[in-house]
$ cat query_9.pdb   # PDB, C-alpha atoms (C1' of nucleotides)
ATOM      1  CA  MET A   1      57.457   1.166-102.276  1.00  0.00           C
ATOM      2  CA  ALA A   2      56.202   4.657-101.473  1.00  0.00           C
ATOM      3  CA  GLY A   3      56.165   5.917 -97.910  1.00  0.00           C
ATOM      4  CA  ASN A   4      59.837   5.435 -97.070  1.00  0.00           C
ATOM      5  CA  LYS A   5      62.455   8.114 -96.592  1.00  0.00           C
ATOM      6  CA  ILE A   6      64.578   7.035 -99.511  1.00  0.00           C
ATOM      7  CA  PHE A   7      61.752   7.226-102.004  1.00  0.00           C
ATOM      8  CA  GLU A   8      60.569  10.487-100.473  1.00  0.00           C
ATOM      9  CA  LEU A   9      64.037  11.897-101.045  1.00  0.00           C
ATOM     10  CA  TYR A  10      63.750  10.969-104.703  1.00  0.00           C
ATOM     11  CA  GLN A  11      60.385  12.671-104.960  1.00  0.00           C
ATOM     12  CA  ASP A  12      61.730  15.797-103.289  1.00  0.00           C
ATOM     13  CA  LEU A  13      64.648  15.999-105.684  1.00  0.00           C
ATOM     14  CA  ARG A  14      62.400  15.407-108.669  1.00  0.00           C
ATOM     15  CA  GLU A  15      60.272  18.293-107.557  1.00  0.00           C
ATOM     16  CA  LYS A  16      63.260  20.523-106.921  1.00  0.00           C
ATOM     17  CA  TYR A  17      65.080  20.065-110.233  1.00  0.00           C
ATOM     18  CA  ASN A  18      64.220  19.949-113.908  1.00  0.00           C
ATOM     19  CA  SER A  19      65.167  17.057-116.117  1.00  0.00           C
ATOM     20  CA  PRO A  20      68.858  16.204-115.919  1.00  0.00           C
ATOM     21  CA  GLN A  21      71.028  18.447-118.078  1.00  0.00           C
ATOM     22  CA  GLY A  22      74.479  18.291-119.661  1.00  0.00           C
ATOM     23  CA  GLN A  23      76.189  15.008-119.126  1.00  0.00           C
ATOM     24  CA  TRP A  24      73.035  13.527-117.596  1.00  0.00           C
ATOM     25  CA  ASN A  25      71.122  14.251-120.756  1.00  0.00           C
ATOM     26  CA  LEU A  26      73.063  11.394-122.330  1.00  0.00           C
ATOM     27  CA  TRP A  27      73.671   9.245-119.273  1.00  0.00           C
ATOM     28  CA  CYS A  28      69.957   9.107-118.407  1.00  0.00           C
ATOM     29  CA  GLN A  29      68.878   8.663-122.014  1.00  0.00           C
ATOM     30  CA  ARG A  30      66.979   5.451-122.777  1.00  0.00           C
ATOM     31  CA  PRO A  31      67.636   3.608-124.918  1.00  0.00           C
ATOM     32  CA  LYS A  32      71.225   4.325-125.935  1.00  0.00           C
ATOM     33  CA  THR A  33      72.988   3.439-129.148  1.00  0.00           C
ATOM     34  CA  LYS A  34      76.160   1.394-129.072  1.00  0.00           C
ATOM     35  CA  ASN A  35      78.240   4.556-129.536  1.00  0.00           C
ATOM     36  CA  GLU A  36      76.420   6.285-126.728  1.00  0.00           C
ATOM     37  CA  ARG A  37      77.081   3.371-124.377  1.00  0.00           C
ATOM     38  CA  GLU A  38      80.758   3.637-125.218  1.00  0.00           C
ATOM     39  CA  GLU A  39      80.712   7.364-124.494  1.00  0.00           C
ATOM     40  CA  VAL A  40      79.352   6.617-121.040  1.00  0.00           C
ATOM     41  CA  ILE A  41      81.970   3.949-120.380  1.00  0.00           C
ATOM     42  CA  ILE A  42      84.819   6.267-121.385  1.00  0.00           C
ATOM     43  CA  GLY A  43      83.387   9.125-119.352  1.00  0.00           C
ATOM     44  CA  ALA A  44      82.968   6.915-116.296  1.00  0.00           C
ATOM     45  CA  ILE A  45      86.727   6.395-116.070  1.00  0.00           C
ATOM     46  CA  LEU A  46      87.703   9.950-116.946  1.00  0.00           C
ATOM     47  CA  THR A  47      85.389  11.562-114.431  1.00  0.00           C
ATOM     48  CA  GLN A  48      86.995   9.890-111.419  1.00  0.00           C
ATOM     49  CA  ARG A  49      87.793  12.628-108.929  1.00  0.00           C
ATOM     50  CA  THR A  50      87.573  15.226-111.702  1.00  0.00           C
ATOM     51  CA  ASN A  51      85.256  17.992-112.877  1.00  0.00           C
ATOM     52  CA  TRP A  52      83.043  17.134-115.812  1.00  0.00           C
ATOM     53  CA  LYS A  53      84.410  20.226-117.591  1.00  0.00           C
ATOM     54  CA  ASN A  54      87.859  18.652-117.619  1.00  0.00           C
ATOM     55  CA  VAL A  55      86.380  15.380-118.810  1.00  0.00           C
ATOM     56  CA  GLU A  56      84.789  17.203-121.733  1.00  0.00           C
ATOM     57  CA  LEU A  57      88.152  18.632-122.739  1.00  0.00           C
ATOM     58  CA  ALA A  58      89.565  15.116-122.795  1.00  0.00           C
ATOM     59  CA  LEU A  59      86.573  13.714-124.676  1.00  0.00           C
ATOM     60  CA  ASN A  60      86.932  16.458-127.280  1.00  0.00           C
ATOM     61  CA  ASN A  61      90.572  15.526-127.763  1.00  0.00           C
ATOM     62  CA  LEU A  62      89.519  11.931-128.406  1.00  0.00           C
ATOM     63  CA  LYS A  63      86.914  13.126-130.898  1.00  0.00           C
ATOM     64  CA  LYS A  64      89.366  15.335-132.737  1.00  0.00           C
ATOM     65  CA  ALA A  65      91.857  12.478-132.899  1.00  0.00           C
ATOM     66  CA  GLY A  66      89.170  10.208-134.316  1.00  0.00           C
ATOM     67  CA  VAL A  67      89.439   7.700-131.491  1.00  0.00           C
ATOM     68  CA  TYR A  68      86.196   8.397-129.678  1.00  0.00           C
ATOM     69  CA  SER A  69      85.300   4.729-129.287  1.00  0.00           C
ATOM     70  CA  LEU A  70      86.472   1.657-127.425  1.00  0.00           C
ATOM     71  CA  LYS A  71      87.914   0.228-130.606  1.00  0.00           C
ATOM     72  CA  GLY A  72      89.762   3.466-131.322  1.00  0.00           C
ATOM     73  CA  ILE A  73      91.191   3.538-127.824  1.00  0.00           C
ATOM     74  CA  SER A  74      92.275  -0.082-127.903  1.00  0.00           C
ATOM     75  CA  ARG A  75      94.050   0.464-131.220  1.00  0.00           C
ATOM     76  CA  LEU A  76      95.732   3.632-130.008  1.00  0.00           C
ATOM     77  CA  GLY A  77      97.597   2.127-127.083  1.00  0.00           C
ATOM     78  CA  VAL A  78      98.365   3.625-123.680  1.00  0.00           C
ATOM     79  CA  LYS A  79     101.239   5.832-124.761  1.00  0.00           C
ATOM     80  CA  LYS A  80      99.299   7.767-127.393  1.00  0.00           C
ATOM     81  CA  LEU A  81      96.128   7.755-125.342  1.00  0.00           C
ATOM     82  CA  ALA A  82      97.654   9.452-122.295  1.00  0.00           C
ATOM     83  CA  PRO A  83      98.347  12.911-123.800  1.00  0.00           C
ATOM     84  CA  LEU A  84      94.853  13.073-125.299  1.00  0.00           C
ATOM     85  CA  ILE A  85      93.140  12.578-121.962  1.00  0.00           C
ATOM     86  CA  ARG A  86      95.562  14.817-120.095  1.00  0.00           C
ATOM     87  CA  PRO A  87      92.955  17.469-119.140  1.00  0.00           C
ATOM     88  CA  SER A  88      91.015  14.904-117.116  1.00  0.00           C
ATOM     89  CA  GLY A  89      93.839  14.625-114.582  1.00  0.00           C
ATOM     90  CA  PHE A  90      95.615  11.485-113.310  1.00  0.00           C
ATOM     91  CA  TYR A  91      96.040  10.876-116.994  1.00  0.00           C
ATOM     92  CA  GLN A  92      98.855   8.336-116.934  1.00  0.00           C
ATOM     93  CA  ALA A  93      96.876   6.098-114.627  1.00  0.00           C
ATOM     94  CA  LYS A  94      93.588   6.688-116.434  1.00  0.00           C
ATOM     95  CA  ALA A  95      95.184   5.877-119.787  1.00  0.00           C
ATOM     96  CA  LYS A  96      96.178   2.446-118.487  1.00  0.00           C
ATOM     97  CA  TYR A  97      92.798   1.872-116.893  1.00  0.00           C
ATOM     98  CA  LEU A  98      90.834   2.987-119.940  1.00  0.00           C
ATOM     99  CA  PHE A  99      92.917   0.937-122.341  1.00  0.00           C
ATOM    100  CA  GLN A 100      92.548  -2.303-120.433  1.00  0.00           C
ATOM    101  CA  LEU A 101      88.837  -1.628-119.886  1.00  0.00           C
ATOM    102  CA  ALA A 102      88.339  -1.019-123.616  1.00  0.00           C
ATOM    103  CA  LYS A 103      89.999  -4.315-124.405  1.00  0.00           C
ATOM    104  CA  PHE A 104      87.940  -6.140-121.808  1.00  0.00           C
ATOM    105  CA  ILE A 105      84.646  -4.678-123.021  1.00  0.00           C
ATOM    106  CA  LEU A 106      85.418  -5.375-126.681  1.00  0.00           C
ATOM    107  CA  LYS A 107      86.282  -8.970-125.860  1.00  0.00           C
ATOM    108  CA  ASN A 108      82.929  -9.366-124.146  1.00  0.00           C
ATOM    109  CA  TYR A 109      80.800  -7.132-126.359  1.00  0.00           C
ATOM    110  CA  ASP A 110      78.691  -9.980-127.726  1.00  0.00           C
ATOM    111  CA  ASN A 111      77.368 -10.642-124.251  1.00  0.00           C
ATOM    112  CA  LEU A 112      77.592  -7.346-122.484  1.00  0.00           C
ATOM    113  CA  ASP A 113      74.538  -8.329-120.480  1.00  0.00           C
ATOM    114  CA  LYS A 114      76.445 -11.203-118.946  1.00  0.00           C
ATOM    115  CA  ILE A 115      79.278  -9.074-117.602  1.00  0.00           C
ATOM    116  CA  LYS A 116      79.464  -9.486-113.861  1.00  0.00           C
ATOM    117  CA  ARG A 117      80.216  -6.742-111.402  1.00  0.00           C
ATOM    118  CA  GLY A 118      83.029  -8.887-110.011  1.00  0.00           C
ATOM    119  CA  GLN A 119      84.720  -9.030-113.412  1.00  0.00           C
ATOM    120  CA  LEU A 120      84.775  -5.252-113.654  1.00  0.00           C
ATOM    121  CA  LEU A 121      86.125  -4.937-110.119  1.00  0.00           C
ATOM    122  CA  GLU A 122      89.037  -7.187-111.021  1.00  0.00           C
ATOM    123  CA  LEU A 123      90.214  -4.565-113.504  1.00  0.00           C
ATOM    124  CA  LYS A 124      92.681  -1.997-112.218  1.00  0.00           C
ATOM    125  CA  GLY A 125      91.181   1.426-111.778  1.00  0.00           C
ATOM    126  CA  LEU A 126      87.626   0.220-111.413  1.00  0.00           C
ATOM    127  CA  GLY A 127      86.325   0.423-107.888  1.00  0.00           C
ATOM    128  CA  PRO A 128      82.706  -0.032-106.877  1.00  0.00           C
ATOM    129  CA  GLU A 129      81.524   3.387-108.016  1.00  0.00           C
ATOM    130  CA  THR A 130      83.005   3.244-111.509  1.00  0.00           C
ATOM    131  CA  ALA A 131      81.969  -0.375-112.017  1.00  0.00           C
ATOM    132  CA  ASP A 132      78.416   0.355-110.901  1.00  0.00           C
ATOM    133  CA  SER A 133      78.267   3.518-113.029  1.00  0.00           C
ATOM    134  CA  ILE A 134      79.068   1.410-116.079  1.00  0.00           C
ATOM    135  CA  LEU A 135      76.544  -1.253-115.120  1.00  0.00           C
ATOM    136  CA  LEU A 136      73.822   1.307-114.464  1.00  0.00           C
ATOM    137  CA  TYR A 137      74.381   3.964-117.127  1.00  0.00           C
ATOM    138  CA  ALA A 138      75.959   2.026-119.984  1.00  0.00           C
ATOM    139  CA  LEU A 139      74.381  -1.394-119.529  1.00  0.00           C
ATOM    140  CA  ASP A 140      71.047  -0.414-117.965  1.00  0.00           C
ATOM    141  CA  LYS A 141      71.478  -2.769-115.022  1.00  0.00           C
ATOM    142  CA  PRO A 142      69.503  -1.920-111.868  1.00  0.00           C
ATOM    143  CA  VAL A 143      72.525  -1.250-109.644  1.00  0.00           C
ATOM    144  CA  PHE A 144      72.451   1.809-107.402  1.00  0.00           C
ATOM    145  CA  VAL A 145      75.573   3.979-107.567  1.00  0.00           C
ATOM    146  CA  ILE A 146      76.970   5.416-104.341  1.00  0.00           C
ATOM    147  CA  ASP A 147      79.308   8.410-104.373  1.00  0.00           C
ATOM    148  CA  GLU A 148      80.527  11.189-102.147  1.00  0.00           C
ATOM    149  CA  TYR A 149      77.417  13.269-102.805  1.00  0.00           C
ATOM    150  CA  THR A 150      75.207  10.356-101.778  1.00  0.00           C
ATOM    151  CA  ARG A 151      77.148   9.982 -98.532  1.00  0.00           C
ATOM    152  CA  ARG A 152      76.849  13.690 -97.745  1.00  0.00           C
ATOM    153  CA  LEU A 153      73.140  13.634 -98.401  1.00  0.00           C
ATOM    154  CA  VAL A 154      72.529  10.504 -96.322  1.00  0.00           C
ATOM    155  CA  LYS A 155      74.504  12.050 -93.498  1.00  0.00           C
ATOM    156  CA  GLU A 156      72.730  15.375 -93.745  1.00  0.00           C
ATOM    157  CA  LYS A 157      69.279  13.744 -93.769  1.00  0.00           C
ATOM    158  CA  ASN A 158      70.244  11.250 -91.063  1.00  0.00           C
ATOM    159  CA  LEU A 159      69.169   8.339 -93.219  1.00  0.00           C
ATOM    160  CA  ALA A 160      71.918   6.055 -91.933  1.00  0.00           C
ATOM    161  CA  LYS A 161      74.946   5.991 -89.680  1.00  0.00           C
ATOM    162  CA  ASN A 162      76.899   3.422 -91.634  1.00  0.00           C
ATOM    163  CA  LEU A 163      78.247   5.211 -94.720  1.00  0.00           C
ATOM    164  CA  SER A 164      80.108   2.298 -96.281  1.00  0.00           C
ATOM    165  CA  TYR A 165      79.540   1.686 -99.976  1.00  0.00           C
ATOM    166  CA  ASP A 166      77.918  -1.707 -99.630  1.00  0.00           C
ATOM    167  CA  PHE A 167      75.634  -0.693 -96.817  1.00  0.00           C
ATOM    168  CA  LEU A 168      74.352   2.406 -98.614  1.00  0.00           C
ATOM    169  CA  GLN A 169      73.871   0.570-101.882  1.00  0.00           C
ATOM    170  CA  LYS A 170      71.781  -2.022-100.092  1.00  0.00           C
ATOM    171  CA  LEU A 171      69.818   0.674 -98.288  1.00  0.00           C
ATOM    172  CA  PHE A 172      68.830   2.389-101.528  1.00  0.00           C
ATOM    173  CA  GLU A 173      68.124  -0.801-103.443  1.00  0.00           C
ATOM    174  CA  GLU A 174      65.963  -2.253-100.665  1.00  0.00           C
ATOM    175  CA  ASN A 175      63.851   0.875-100.515  1.00  0.00           C
ATOM    176  CA  LEU A 176      63.313   1.371-104.245  1.00  0.00           C
ATOM    177  CA  LYS A 177      61.653  -0.517-107.039  1.00  0.00           C
ATOM    178  CA  LYS A 178      64.288  -2.493-108.941  1.00  0.00           C
ATOM    179  CA  ASP A 179      64.164  -0.138-111.930  1.00  0.00           C
ATOM    180  CA  PHE A 180      67.288   1.023-113.716  1.00  0.00           C
ATOM    181  CA  ARG A 181      65.507   4.114-115.007  1.00  0.00           C
ATOM    182  CA  LEU A 182      64.651   5.148-111.470  1.00  0.00           C
ATOM    183  CA  TYR A 183      68.235   4.465-110.316  1.00  0.00           C
ATOM    184  CA  GLN A 184      69.696   6.450-113.207  1.00  0.00           C
ATOM    185  CA  ASP A 185      67.554   9.500-112.558  1.00  0.00           C
ATOM    186  CA  PHE A 186      67.891   9.333-108.792  1.00  0.00           C
ATOM    187  CA  HIS A 187      71.669   9.231-108.782  1.00  0.00           C
ATOM    188  CA  ALA A 188      71.837  12.043-111.338  1.00  0.00           C
ATOM    189  CA  LEU A 189      69.589  14.174-109.133  1.00  0.00           C
ATOM    190  CA  ILE A 190      71.760  13.472-106.100  1.00  0.00           C
ATOM    191  CA  VAL A 191      74.846  14.723-107.951  1.00  0.00           C
ATOM    192  CA  ILE A 192      73.043  17.757-109.341  1.00  0.00           C
ATOM    193  CA  ASP A 193      71.799  18.582-105.864  1.00  0.00           C
ATOM    194  CA  GLY A 194      75.256  18.070-104.377  1.00  0.00           C
ATOM    195  CA  LYS A 195      76.855  20.493-106.789  1.00  0.00           C
ATOM    196  CA  ASN A 196      74.075  22.955-106.181  1.00  0.00           C
ATOM    197  CA  ILE A 197      74.533  22.869-102.430  1.00  0.00           C
ATOM    198  CA  ASN A 198      78.217  23.608-102.852  1.00  0.00           C
ATOM    199  CA  LYS A 199      77.274  26.902-104.433  1.00  0.00           C
ATOM    200  CA  GLU A 200      74.985  27.965-101.630  1.00  0.00           C
TER     201      GLU A 200
ATOM    202  C1'  DA B 201      98.536  30.994-104.035  1.00  0.00           C
ATOM    203  C1'  DC B 202      95.396  27.894-102.463  1.00  0.00           C
ATOM    204  C1'  DC B 203      91.503  24.654-102.811  1.00  0.00           C
ATOM    205  C1'  DC B 204      88.494  21.738-104.926  1.00  0.00           C
ATOM    206  C1'  DA B 205      86.471  17.868-108.004  1.00  0.00           C
ATOM    207  C1'  DG B 206      81.136  11.188-109.140  1.00  0.00           C
ATOM    208  C1'  DG B 207      87.807   7.602-107.087  1.00  0.00           C
ATOM    209  C1'  DT B 208      91.207   4.102-106.767  1.00  0.00           C
ATOM    210  C1'  DG B 209      95.435   1.439-105.487  1.00  0.00           C
ATOM    211  C1'  DG B 210      98.948   0.533-102.342  1.00  0.00           C
ATOM    212  C1'  DC B 211     100.571   0.821 -98.402  1.00  0.00           C
ATOM    213  C1'  DC B 212     100.279   0.448 -92.988  1.00  0.00           C
ATOM    214  C1'  DC B 213      98.264  -0.970 -88.653  1.00  0.00           C
TER     215       DC B 213
ATOM    216  C1'  DG C 214      88.062  -2.901 -91.508  1.00  0.00           C
ATOM    217  C1'  DG C 215      89.919   1.968 -91.594  1.00  0.00           C
ATOM    218  C1'  DG C 216      93.573   5.889 -92.205  1.00  0.00           C
ATOM    219  C1'  DC C 217      96.811   8.073 -95.183  1.00  0.00           C
ATOM    220  C1'  DC C 218      99.098   9.256 -99.380  1.00  0.00           C
ATOM    221  C1'  DA C 219      99.952   9.412-104.433  1.00  0.00           C
ATOM    222  C1'  DC C 220      97.956  10.201-108.711  1.00  0.00           C
ATOM    223  C1'  DA C 221      97.329  15.671-112.065  1.00  0.00           C
ATOM    224  C1'  DT C 222      94.583  18.957-114.476  1.00  0.00           C
ATOM    225  C1'  DG C 223      91.833  23.270-115.027  1.00  0.00           C
ATOM    226  C1'  DG C 224      88.919  26.640-112.856  1.00  0.00           C
ATOM    227  C1'  DG C 225      87.297  29.585-108.983  1.00  0.00           C
TER     228       DG C 225
END

$ encode --input "query_9.pdb" --output "structure tokens"
Amino acid sequence: MAGNKIFELYQDLREKYNSPQGQWNLWCQRPKTKNEREEVIIGAILTQRTNWKNVELALNNLKKAGVYSLKGISRLGVKKLAPLIRPSGFYQAKAKYLFQLAKFILKNYDNLDKIKRGQLLELKGLGPETADSILLYALDKPVFVIDEYTRRLVKEKNLAKNLSYDFLQKLFEENLKKDFRLYQDFHALIVIDGKNINKE
DNA sequence: ACCCAGGTGGCCC
DNA sequence: GGGCCACATGGG
């Protein structure tokens, strides 16, 4: 699969940056424990349109309250969950989304591997990016995640004109080996690079 | 005081 | 299918 622009982009980013740090240290870790998978799932909702710093404040609140798990969240209920995740922004909405997601995942925990993308997308608050983030980073499914940083990079490098989610996902997946580890690292590097460019 | 951040749902056309 | 707005906080 070498010799295409997508894979070359990955190689460039790998050369440019060290191993993923911070959040990506966990998200790109393989394999993950059950608790670590749950951390990723919770973080995937909380990080929507929000700085990771704010997500950490919310995650710490969950830890301190002893509900840093899907089971803890599902037992807590939306009303008590909301104030804990307040720092992550949009907290009333996210509390609803996270609660129903926790219940859904727990119900299907025995066959997490069988969870379909379409099932996640039926849940309120889970669009393509969040659903794919869960599939890729929590469940180790080879699904490429597209986000705003990916769009900016594709545009900047003139890799495509169509910037729709489905088109870009297909573009990346067709030009890469179907390897969840590669997808995990690549997306992390894209985000790290995107944040870095903002500072320049 | 303003502007931004890994998005998503609900409108409208 | 695309454009616009609401959702909300913490940090630069």

$ resolve_selection --input "query_9.pdb" --expression "the PyMOL selection byres ((chain A) within 12 of (chain C))" --output "JSON, numbers by chain"
{"A": [46, 47, 48, 49, 50, 51, 52, 53, 54, 55, 56, 57, 58, 82, 83, 85, 86, 87, 88, 89, 90, 91, 92, 93, 94, 125, 164, 199]}

$ atom_distance --input "query_9.pdb" --atom1 "CA of Ser19 (chain A)" --atom2 "CA of Asp193 (chain A)"
12.3 Å

$ atom_distance --input "query_9.pdb" --atom1 "CA of Glu129 (chain A)" --atom2 "C1' of DC212 (chain B)"
24.2 Å

$ resolve_selection --input "query_9.pdb" --expression "the PyMOL selection byres ((chain B) within 8 of (chain A))" --output "list in words"
DA205, DG206, DG207, DT208 and DG209 of chain B

$ resolve_selection --input "query_9.pdb" --expression "the PyMOL selection byres ((chain A and resi 9) around 12)" --output "JSON list (two decimals) with C-alpha atoms, keeping the file's coordinate frame"
[["chain", "number", "residue", "atom", "x", "y", "z"],
["A", 2, "ALA", "CA", 56.20, 4.66, -101.47],
["A", 3, "GLY", "CA", 56.16, 5.92, -97.91],
["A", 4, "ASN", "CA", 59.84, 5.44, -97.07],
["A", 5, "LYS", "CA", 62.46, 8.11, -96.59],
["A", 6, "ILE", "CA", 64.58, 7.04, -99.51],
["A", 7, "PHE", "CA", 61.75, 7.23, -102.00],
["A", 8, "GLU", "CA", 60.57, 10.49, -100.47],
["A", 10, "TYR", "CA", 63.75, 10.97, -104.70],
["A", 11, "GLN", "CA", 60.38, 12.67, -104.96],
["A", 12, "ASP", "CA", 61.73, 15.80, -103.29],
["A", 13, "LEU", "CA", 64.65, 16.00, -105.68],
["A", 14, "ARG", "CA", 62.40, 15.41, -108.67],
["A", 15, "GLU", "CA", 60.27, 18.29, -107.56],
["A", 16, "LYS", "CA", 63.26, 20.52, -106.92],
["A", 150, "THR", "CA", 75.21, 10.36, -101.78],
["A", 153, "LEU", "CA", 73.14, 13.63, -98.40],
["A", 154, "VAL", "CA", 72.53, 10.50, -96.32],
["A", 156, "GLU", "CA", 72.73, 15.38, -93.74],
["A", 157, "LYS", "CA", 69.28, 13.74, -93.77],
["A", 158, "ASN", "CA", 70.24, 11.25, -91.06],
["A", 159, "LEU", "CA", 69.17, 8.34, -93.22],
["A", 172, "PHE", "CA", 68.83, 2.39, -101.53],
["A", 175, "ASN", "CA", 63.85, 0.88, -100.52],
["A", 176, "LEU", "CA", 63.31, 1.37, -104.24],
["A", 186, "PHE", "CA", 67.89, 9.33, -108.79],
["A", 187, "HIS", "CA", 71.67, 9.23, -108.78],
["A", 189, "LEU", "CA", 69.59, 14.17, -109.13],
["A", 190, "ILE", "CA", 71.76, 13.47, -106.10],
["A", 193, "ASP", "CA", 71.80, 18.58, -105.86]]

$ axis_aligned_box --input "query_9.pdb" --around "chain C" --padding-each-side "5 Å" --output "JSON"
{"center_x": 93.6, "center_y": 13.3, "center_z": -103.3, "size_x": 22.7, "size_y": 42.5, "size_z": 33.5}

$ atom_distance --input "query_9.pdb" --atom1 "CA of Phe99 (chain A)" --atom2 "CA of Trp27 (chain A)"
21.2 Å

$ residues_around --input "query_9.pdb" --residues "Lys34 (chain A)" --least-positions-apart "3" --cutoff "12 Å" --atoms "all atoms listed in the file" --output "PyMOL selection string"
chain A and resi 30-31+37-41+69-71+106+109-110+112+138-139

$ write_last_selection --input "query_9.pdb" --atoms "C-alpha atoms" --output "mmCIF file, keeping the file's coordinate frame"
data_model
loop_
_atom_site.group_PDB
_atom_site.id
_atom_site.type_symbol
_atom_site.label_atom_id
_atom_site.label_comp_id
_atom_site.auth_asym_id
_atom_site.auth_seq_id
_atom_site.Cartn_x
_atom_site.Cartn_y
_atom_site.Cartn_z
ATOM 1 C CA ARG A 30 66.979 5.451 -122.777
ATOM 2 C CA PRO A 31 67.636 3.608 -124.918
ATOM 3 C CA ARG A 37 77.081 3.371 -124.377
ATOM 4 C CA GLU A 38 80.758 3.637 -125.218
ATOM 5 C CA GLU A 39 80.712 7.364 -124.494
ATOM 6 C CA VAL A 40 79.352 6.617 -121.040
ATOM 7 C CA ILE A 41 81.970 3.949 -120.380
ATOM 8 C CA SER A 69 85.300 4.729 -129.287
ATOM 9 C CA LEU A 70 86.472 1.657 -127.425
ATOM 10 C CA LYS A 71 87.914 0.228 -130.606
ATOM 11 C CA LEU A 106 85.418 -5.375 -126.681
ATOM 12 C CA TYR A 109 80.800 -7.132 -126.359
ATOM 13 C CA ASP A 110 78.691 -9.980 -127.726
ATOM 14 C CA LEU A 112 77.592 -7.346 -122.484
ATOM 15 C CA ALA A 138 75.959 2.026 -119.984
ATOM 16 C CA LEU A 139 74.381 -1.394 -119.529
#

$ build_atoms --input "query_9.pdb" --residues "region 145-157 of chain A" --atoms "N, CA and C atoms" --output "PDB file, in the coordinates of the input"
ATOM      1  N   VAL A 145      74.213   3.436-107.687  1.00  0.00           N
ATOM      2  CA  VAL A 145      75.573   3.979-107.567  1.00  0.00           C
ATOM      3  C   VAL A 145      75.683   4.869-106.332  1.00  0.00           C
ATOM      4  N   ILE A 146      76.699   4.605-105.531  1.00  0.00           N
ATOM      5  CA  ILE A 146      76.970   5.416-104.341  1.00  0.00           C
ATOM      6  C   ILE A 146      78.201   6.268-104.593  1.00  0.00           C
ATOM      7  N   ASP A 147      78.139   7.539-104.231  1.00  0.00           N
ATOM      8  CA  ASP A 147      79.308   8.410-104.373  1.00  0.00           C
ATOM      9  C   ASP A 147      79.374   9.369-103.190  1.00  0.00           C
ATOM     10  N   GLU A 148      80.324  10.258-103.257  1.00  0.00           N
ATOM     11  CA  GLU A 148      80.527  11.189-102.147  1.00  0.00           C
ATOM     12  C   GLU A 148      79.287  12.060-101.902  1.00  0.00           C
ATOM     13  N   TYR A 149      78.628  12.464-102.962  1.00  0.00           N
ATOM     14  CA  TYR A 149      77.417  13.269-102.805  1.00  0.00           C
ATOM     15  C   TYR A 149      76.315  12.477-102.107  1.00  0.00           C
ATOM     16  N   THR A 150      76.215  11.196-102.435  1.00  0.00           N
ATOM     17  CA  THR A 150      75.207  10.356-101.778  1.00  0.00           C
ATOM     18  C   THR A 150      75.495  10.263-100.285  1.00  0.00           C
ATOM     19  N   ARG A 151      76.767  10.069 -99.948  1.00  0.00           N
ATOM     20  CA  ARG A 151      77.148   9.982 -98.532  1.00  0.00           C
ATOM     21  C   ARG A 151      76.803  11.266 -97.791  1.00  0.00           C
ATOM     22  N   ARG A 152      77.134  12.407 -98.396  1.00  0.00           N
ATOM     23  CA  ARG A 152      76.849  13.690 -97.745  1.00  0.00           C
ATOM     24  C   ARG A 152      75.357  13.859 -97.491  1.00  0.00           C
ATOM     25  N   LEU A 153      74.583  13.468 -98.510  1.00  0.00           N
ATOM     26  CA  LEU A 153      73.140  13.634 -98.401  1.00  0.00           C
ATOM     27  C   LEU A 153      72.556  12.711 -97.334  1.00  0.00           C
ATOM     28  N   VAL A 154      72.996  11.469 -97.322  1.00  0.00           N
ATOM     29  CA  VAL A 154      72.529  10.504 -96.322  1.00  0.00           C
ATOM     30  C   VAL A 154      72.861  10.996 -94.925  1.00  0.00           C
ATOM     31  N   LYS A 155      74.070  11.537 -94.789  1.00  0.00           N
ATOM     32  CA  LYS A 155      74.504  12.050 -93.498  1.00  0.00           C
ATOM     33  C   LYS A 155      73.662  13.248 -93.078  1.00  0.00           C
ATOM     34  N   GLU A 156      73.490  14.154 -94.011  1.00  0.00           N
ATOM     35  CA  GLU A 156      72.730  15.375 -93.745  1.00  0.00           C
ATOM     36  C   GLU A 156      71.285  15.078 -93.366  1.00  0.00           C
ATOM     37  N   LYS A 157      70.683  14.086 -94.022  1.00  0.00           N
ATOM     38  CA  LYS A 157      69.279  13.744 -93.769  1.00  0.00           C
ATOM     39  C   LYS A 157      69.131  12.694 -92.675  1.00  0.00           C
TER      40      LYS A 157
END
